[in-house]
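Here the structure is laid out as structure tokens; the discussion comes afterwards.
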Amino acid sequence: MSDRPLVIAVDGPAASGKGTIAKGLAQHFGLPHLDTGKLYRAAALALLRHDGDPESEFSAVRAAQDIAGLLDDPELKSEMVGGIASRISAYPAVRAALLERQREFAAQPSGAVLDGRDIGTVIAPDATAKLFVTASSEERARRRHAELSASGLPVHLADVLIDIRARDERDSHRSAAPLVQAGDALLLDTTSLDPAAALAEAIRLVESRLRS
Ligand code: DC
């Protein structure tokens with residue numbers, strides 16, 4: 001085993017369970033955690049608040065440079081903000097504006113856990129362990145629907161499924177840092193796992209990587 005800081009990269013599509021898994025891994029291994037989707041969501045929220053145009057890369061970059069103070073905003077979780085985040089995250093200049101902050105987080109001497117779409121491929125290609133967390137689109141839509149219903153937002157499951165599939169399509173087919181499984185990432189399919197079982201499996205996978 002090397003004495004390099006432990007860096008864990010967790011990537012995967014929306015509602016795959018990667019956020020919960022990354023948080024749990026951070027707690028288990030005593031590491032700081034960054035949900036990188038929050039940065040893209042904060043850029044989307046800044047854009048919305050300034051009446052910016054998601055079709056304009058220039059306007060989206062300005063928003064990505066203006067996210068301070070928005071990272072804990074409850075509106076970050078909304079579907080509207082998530083959809084705009086997915087659209088503007090396709091702009092290379094938006095990704096570039098958010099890159100350094102993520103690389104610095106990954107390079108902390110303490111080690112770190114980061115979750116997102118391009119952690120294992122772009123942000124931390126030398127991560128100690130990489131997980132690619134996925135689940136069927138139907139199961140992910142069911143989870144997102146349950147979350148939205150619990151927070152009092154009336155939405156139809158069929159609409160959530162359409163939205164999840166559109167988001168997958170955009171995140172996976174953009175030319176800048178698309179969502180793909182890194183060659184050395186371990187696959188974790190959470191379709192039939194509850195959150196505790198998914199975390200236990202993630203810990204087992206990371207530990208297996210640490211022993212190899
Ligand atoms: O994980 P999330 O749903 O909070 O992310 C919102 C959007 O941000 C997602 O649809 C794509 C983008 N994103 C990205 O392009 N790269 C990341 N590392 C994290 C998120």
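Chain lettering (A, B, ...) mirrors the order of the structure tokens, residue numbering begins at 1 for each chain separately, and ligand numbering begins at 1 in order of display.
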For region 181-194 of chain A, work out the shell of residues within 12 Å, counting only C-alpha atoms and skipping chain neighbours fewer than 5 positions away, then give it as a ChimeraX atom specification.
/A:8-13,15-18,20-21,116-143,172,199-209
For region 63-78 of chain A: contacts at 10 Å, only C-alpha atoms, fewer than 5 positions along chain excluded, given as a PyMOL selection string:
chain A and resi 37-50+52+54+57-58+83+85+88-89+93-98+148+153
Since we have the selection now, will you write its residues out, keeping N, CA and C atoms, as an mmCIF file, in the first residue's frame?
```cif
data_model
loop_
_atom_site.group_PDB
_atom_site.id
_atom_site.type_symbol
_atom_site.label_atom_id
_atom_site.label_comp_id
_atom_site.auth_asym_id
_atom_site.auth_seq_id
_atom_site.Cartn_x
_atom_site.Cartn_y
_atom_site.Cartn_z
ATOM 1 N N GLY A 37 -21.376 18.466 -8.082
ATOM 2 C CA GLY A 37 -22.600 18.877 -8.766
ATOM 3 C C GLY A 37 -23.118 20.197 -8.204
ATOM 4 N N LYS A 38 -22.823 20.429 -6.909
ATOM 5 C CA LYS A 38 -23.245 21.672 -6.260
ATOM 6 C C LYS A 38 -22.643 22.896 -6.937
ATOM 7 N N LEU A 39 -21.418 22.761 -7.437
ATOM 8 C CA LEU A 39 -20.758 23.900 -8.090
ATOM 9 C C LEU A 39 -21.499 24.255 -9.380
ATOM 10 N N TYR A 40 -21.855 23.204 -10.148
ATOM 11 C CA TYR A 40 -22.584 23.436 -11.403
ATOM 12 C C TYR A 40 -23.999 23.946 -11.110
ATOM 13 N N ARG A 41 -24.596 23.420 -10.051
ATOM 14 C CA ARG A 41 -25.934 23.892 -9.666
ATOM 15 C C ARG A 41 -25.872 25.350 -9.211
ATOM 16 N N ALA A 42 -24.811 25.705 -8.461
ATOM 17 C CA ALA A 42 -24.684 27.091 -7.999
ATOM 18 C C ALA A 42 -24.504 28.028 -9.198
ATOM 19 N N ALA A 43 -23.749 27.570 -10.208
ATOM 20 C CA ALA A 43 -23.577 28.396 -11.414
ATOM 21 C C ALA A 43 -24.936 28.577 -12.103
ATOM 22 N N ALA A 44 -25.723 27.499 -12.146
ATOM 23 C CA ALA A 44 -27.057 27.575 -12.768
ATOM 24 C C ALA A 44 -27.952 28.544 -11.987
ATOM 25 N N LEU A 45 -27.861 28.487 -10.662
ATOM 26 C CA LEU A 45 -28.693 29.375 -9.838
ATOM 27 C C LEU A 45 -28.269 30.838 -10.021
ATOM 28 N N ALA A 46 -26.950 31.063 -10.088
ATOM 29 C CA ALA A 46 -26.461 32.437 -10.308
ATOM 30 C C ALA A 46 -26.996 32.956 -11.646
ATOM 31 N N LEU A 47 -27.007 32.076 -12.639
ATOM 32 C CA LEU A 47 -27.499 32.459 -13.970
ATOM 33 C C LEU A 47 -28.983 32.833 -13.914
ATOM 34 N N LEU A 48 -29.747 31.986 -13.231
ATOM 35 C CA LEU A 48 -31.196 32.247 -13.097
ATOM 36 C C LEU A 48 -31.455 33.567 -12.379
ATOM 37 N N ARG A 49 -30.723 33.789 -11.292
ATOM 38 C CA ARG A 49 -30.946 35.002 -10.494
ATOM 39 C C ARG A 49 -30.554 36.272 -11.249
ATOM 40 N N HIS A 50 -29.619 36.142 -12.203
ATOM 41 C CA HIS A 50 -29.207 37.323 -12.968
ATOM 42 C C HIS A 50 -29.925 37.399 -14.306
ATOM 43 N N GLY A 52 -29.802 35.445 -16.661
ATOM 44 C CA GLY A 52 -28.869 35.124 -17.755
ATOM 45 C C GLY A 52 -29.500 34.123 -18.709
ATOM 46 N N PRO A 54 -29.182 30.595 -20.611
ATOM 47 C CA PRO A 54 -28.412 29.341 -20.633
ATOM 48 C C PRO A 54 -27.865 29.004 -22.014
ATOM 49 N N GLU A 57 -22.842 30.876 -23.712
ATOM 50 C CA GLU A 57 -21.696 30.364 -22.952
ATOM 51 C C GLU A 57 -21.079 31.497 -22.129
ATOM 52 N N PHE A 58 -21.041 32.680 -22.700
ATOM 53 C CA PHE A 58 -20.455 33.834 -22.014
ATOM 54 C C PHE A 58 -21.196 34.111 -20.703
ATOM 55 N N GLY A 83 -31.602 20.948 -14.114
ATOM 56 C CA GLY A 83 -31.700 20.901 -15.580
ATOM 57 C C GLY A 83 -30.796 21.943 -16.224
ATOM 58 N N ALA A 85 -28.173 23.283 -14.794
ATOM 59 C CA ALA A 85 -26.785 22.873 -14.487
ATOM 60 C C ALA A 85 -26.310 21.878 -15.535
ATOM 61 N N ILE A 88 -25.604 23.889 -18.846
ATOM 62 C CA ILE A 88 -24.420 24.765 -18.914
ATOM 63 C C ILE A 88 -23.117 24.021 -18.614
ATOM 64 N N SER A 89 -23.240 22.823 -18.020
ATOM 65 C CA SER A 89 -22.013 22.063 -17.729
ATOM 66 C C SER A 89 -21.402 21.499 -19.010
ATOM 67 N N ALA A 93 -15.868 26.244 -21.227
ATOM 68 C CA ALA A 93 -15.391 27.375 -20.415
ATOM 69 C C ALA A 93 -16.019 27.374 -19.018
ATOM 70 N N VAL A 94 -17.222 26.832 -18.895
ATOM 71 C CA VAL A 94 -17.852 26.708 -17.568
ATOM 72 C C VAL A 94 -17.082 25.658 -16.767
ATOM 73 N N ARG A 95 -16.747 24.547 -17.411
ATOM 74 C CA ARG A 95 -15.992 23.480 -16.729
ATOM 75 C C ARG A 95 -14.622 24.016 -16.288
ATOM 76 N N ALA A 96 -14.002 24.812 -17.196
ATOM 77 C CA ALA A 96 -12.672 25.358 -16.881
ATOM 78 C C ALA A 96 -12.761 26.294 -15.671
ATOM 79 N N ALA A 97 -13.840 27.070 -15.579
ATOM 80 C CA ALA A 97 -13.980 28.028 -14.481
ATOM 81 C C ALA A 97 -14.109 27.312 -13.134
ATOM 82 N N LEU A 98 -14.587 26.077 -13.151
ATOM 83 C CA LEU A 98 -14.809 25.355 -11.883
ATOM 84 C C LEU A 98 -13.732 24.304 -11.598
ATOM 85 N N LEU A 148 -38.972 14.183 -4.447
ATOM 86 C CA LEU A 148 -39.722 15.397 -4.793
ATOM 87 C C LEU A 148 -41.087 15.381 -4.121
ATOM 88 N N LEU A 153 -43.517 18.565 -3.668
ATOM 89 C CA LEU A 153 -43.608 19.024 -5.060
ATOM 90 C C LEU A 153 -44.391 18.011 -5.884
#
```
Contacts of Asp171 (chain A) within 9 Å, only C-alpha atoms, excl. fewer than 4 positions in-chain, as an MDAnalysis selection string
chainID A and resid 13 86:87 89:90 117 166:167 177:179
Find, counting only C-alpha atoms, the residue in A:Ser212, A:Ala106, A:Val113, A:Arg170 that gets nearest to Gly24 (chain A).
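Nearest to Gly24 (chain A): A:Val113.
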Find the residues around Gly19 (chain A) up to 7 Å (only C-alpha atoms counted), leave out those fewer than 3 positions away in its own chain, and share them as a PyMOL selection string.
chain A and resi 22-23+35+115
Could you tell me, as a count of residues only, which residues of region 12-158 of chain A DSSP assigns to helix (DSSP H, G or I) when given the backbone?
83
Compare A:Glu104, A:Asp159, A:Glu147, A:Glu79 by their minimum atom-to-atom distance to ligand 1, counting only C-alpha atoms and all ligand atoms, and give me the closest one.
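For ligand 1, the nearest of the candidates is A:Glu79.
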Taking only C-alpha atoms and all ligand atoms into account, name the residue in A:Arg62, A:His156, A:Arg165, A:His28 that is nearest to ligand 1.
A:Arg165
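Here CA of Glu169 (chain A) and CA of Ala60 (chain A) stand 20.3 Å from one another.
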Expressed in Å to a single decimal, how great is the separation between atom 13 (N, counted along the ligand's line) of ligand 1 and CA of Arg144 (chain A)?
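Here the two named atoms are 16.8 Å from each other.
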